[in-house]
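**Q** Would you mind keeping the following structure in view while I ask a few things?
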Amino acid sequence: MAGTLLSILMLAGVVLTGGGIHALVKRRDRKRGLLMILAGIVMFANVAISAIPGPDLPVLERK
């Protein structure tokens, strides 16, 4: 399930970044274009953070 969500986030990031570039170049809409690119970068960062393996949690021992 996690792989599917990460894939959807990556696709959304690509679409947002591409749409932001299109808005900047073709439509000359600077504000929306930059916001879309920023949202795409945030999605890529979320995927990167989720995909990096972290340390295992220590087992709580009873004393």
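Note on naming: chains are A, B, ... as they come in the structure tokens, residues start from 1 per chain, ligands start from 1 in the order shown.
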Looking only at helix (DSSP H, G or I) from DSSP on the backbone, list the matching residues of chain A as a CSV table (one decimal) with N, CA and C atoms, in the first residue's frame.
**A**
```csv
chain,number,residue,atom,x,y,z
A,2,ALA,N,2.0,1.2,0.8
A,2,ALA,CA,2.8,2.4,0.8
A,2,ALA,C,3.5,2.7,-0.5
A,3,GLY,N,3.8,1.6,-1.2
A,3,GLY,CA,4.4,1.8,-2.6
A,3,GLY,C,3.5,2.5,-3.5
A,4,THR,N,2.2,2.2,-3.4
A,4,THR,CA,1.2,2.8,-4.3
A,4,THR,C,1.0,4.3,-4.0
A,5,LEU,N,1.0,4.6,-2.7
A,5,LEU,CA,0.9,6.0,-2.3
A,5,LEU,C,2.1,6.8,-2.7
A,6,LEU,N,3.3,6.2,-2.6
A,6,LEU,CA,4.5,6.9,-3.0
A,6,LEU,C,4.5,7.2,-4.5
A,7,SER,N,4.0,6.2,-5.3
A,7,SER,CA,3.9,6.3,-6.7
A,7,SER,C,2.9,7.4,-7.1
A,8,ILE,N,1.8,7.5,-6.4
A,8,ILE,CA,0.8,8.5,-6.7
A,8,ILE,C,1.4,9.9,-6.4
A,9,LEU,N,2.1,10.0,-5.3
A,9,LEU,CA,2.7,11.3,-4.9
A,9,LEU,C,3.7,11.7,-6.0
A,10,MET,N,4.5,10.7,-6.5
A,10,MET,CA,5.5,11.1,-7.5
A,10,MET,C,4.8,11.6,-8.8
A,11,LEU,N,3.8,10.9,-9.2
A,11,LEU,CA,3.0,11.3,-10.4
A,11,LEU,C,2.4,12.7,-10.2
A,12,ALA,N,1.9,12.9,-9.0
A,12,ALA,CA,1.3,14.2,-8.8
A,12,ALA,C,2.4,15.3,-8.8
A,13,GLY,N,3.6,15.0,-8.2
A,13,GLY,CA,4.7,15.9,-8.3
A,13,GLY,C,5.1,16.3,-9.7
A,14,VAL,N,5.2,15.3,-10.5
A,14,VAL,CA,5.6,15.5,-11.9
A,14,VAL,C,4.5,16.3,-12.6
A,15,VAL,N,3.3,16.0,-12.4
A,15,VAL,CA,2.2,16.8,-13.1
A,15,VAL,C,2.2,18.3,-12.6
A,16,LEU,N,2.3,18.4,-11.3
A,16,LEU,CA,2.4,19.8,-10.7
A,16,LEU,C,3.6,20.6,-11.2
A,17,THR,N,4.7,20.0,-11.3
A,17,THR,CA,5.9,20.7,-11.8
A,17,THR,C,5.8,21.0,-13.2
A,18,GLY,N,5.3,20.1,-14.0
A,18,GLY,CA,5.1,20.3,-15.4
A,18,GLY,C,4.0,21.4,-15.7
A,19,GLY,N,2.9,21.4,-14.9
A,19,GLY,CA,1.9,22.4,-15.0
A,19,GLY,C,2.4,23.7,-14.6
A,20,GLY,N,3.3,23.8,-13.6
A,20,GLY,CA,3.9,25.1,-13.2
A,20,GLY,C,4.8,25.6,-14.2
A,21,ILE,N,5.6,24.8,-14.9
A,21,ILE,CA,6.4,25.3,-16.0
A,21,ILE,C,5.6,25.8,-17.1
A,22,HIS,N,4.5,25.0,-17.4
A,22,HIS,CA,3.6,25.5,-18.5
A,22,HIS,C,3.0,26.8,-18.2
A,23,ALA,N,2.6,27.0,-16.9
A,23,ALA,CA,2.0,28.3,-16.5
A,23,ALA,C,3.0,29.4,-16.6
A,24,LEU,N,4.2,29.1,-16.3
A,24,LEU,CA,5.2,30.2,-16.3
A,24,LEU,C,5.6,30.6,-17.8
A,25,VAL,N,5.7,29.6,-18.6
A,25,VAL,CA,6.2,29.8,-20.0
A,25,VAL,C,5.1,30.2,-20.9
A,30,ARG,N,2.9,34.0,-13.4
A,30,ARG,CA,4.1,33.7,-12.6
A,30,ARG,C,3.7,33.2,-11.2
A,31,LYS,N,2.7,33.8,-10.6
A,31,LYS,CA,2.3,33.4,-9.2
A,31,LYS,C,1.8,31.9,-9.1
A,32,ARG,N,0.9,31.6,-10.0
A,32,ARG,CA,0.4,30.2,-10.0
A,32,ARG,C,1.5,29.2,-10.4
A,33,GLY,N,2.3,29.6,-11.4
A,33,GLY,CA,3.3,28.7,-11.8
A,33,GLY,C,4.3,28.4,-10.7
A,34,LEU,N,4.8,29.4,-10.0
A,34,LEU,CA,5.7,29.2,-8.9
A,34,LEU,C,5.1,28.4,-7.8
A,35,LEU,N,3.8,28.6,-7.5
A,35,LEU,CA,3.2,27.9,-6.4
A,35,LEU,C,3.0,26.4,-6.8
A,36,MET,N,2.7,26.1,-8.1
A,36,MET,CA,2.6,24.7,-8.5
A,36,MET,C,4.0,24.0,-8.5
A,37,ILE,N,5.0,24.7,-8.9
A,37,ILE,CA,6.4,24.1,-8.8
A,37,ILE,C,6.7,23.9,-7.4
A,38,LEU,N,6.5,24.8,-6.5
A,38,LEU,CA,6.8,24.6,-5.1
A,38,LEU,C,6.0,23.4,-4.5
A,39,ALA,N,4.7,23.3,-4.9
A,39,ALA,CA,3.9,22.1,-4.4
A,39,ALA,C,4.5,20.8,-4.9
A,40,GLY,N,5.0,20.8,-6.2
A,40,GLY,CA,5.6,19.6,-6.7
A,40,GLY,C,6.9,19.3,-6.0
A,41,ILE,N,7.7,20.3,-5.7
A,41,ILE,CA,9.0,20.0,-4.9
A,41,ILE,C,8.6,19.5,-3.5
A,42,VAL,N,7.6,20.0,-2.9
A,42,VAL,CA,7.2,19.5,-1.6
A,42,VAL,C,6.8,18.0,-1.7
A,43,MET,N,6.1,17.7,-2.7
A,43,MET,CA,5.7,16.3,-2.9
A,43,MET,C,6.9,15.4,-3.1
A,44,PHE,N,7.9,15.8,-3.9
A,44,PHE,CA,9.1,15.1,-4.1
A,44,PHE,C,9.9,14.9,-2.8
A,45,ALA,N,9.9,15.9,-2.0
A,45,ALA,CA,10.6,15.9,-0.7
A,45,ALA,C,9.9,14.9,0.3
A,46,ASN,N,8.5,14.9,0.2
A,46,ASN,CA,7.8,13.9,1.1
A,46,ASN,C,8.1,12.5,0.6
A,47,VAL,N,8.2,12.2,-0.6
A,47,VAL,CA,8.5,10.9,-1.1
A,47,VAL,C,9.9,10.5,-0.7
A,48,ALA,N,10.8,11.4,-0.8
A,48,ALA,CA,12.2,11.2,-0.4
A,48,ALA,C,12.3,10.8,1.1
A,49,ILE,N,11.6,11.6,1.9
A,49,ILE,CA,11.7,11.4,3.3
A,49,ILE,C,11.0,10.0,3.6
A,50,SER,N,9.9,9.7,3.0
A,50,SER,CA,9.3,8.4,3.3
A,50,SER,C,10.0,7.2,2.7
A,51,ALA,N,10.8,7.4,1.7
A,51,ALA,CA,11.5,6.3,1.1
A,51,ALA,C,12.8,5.9,1.7
```
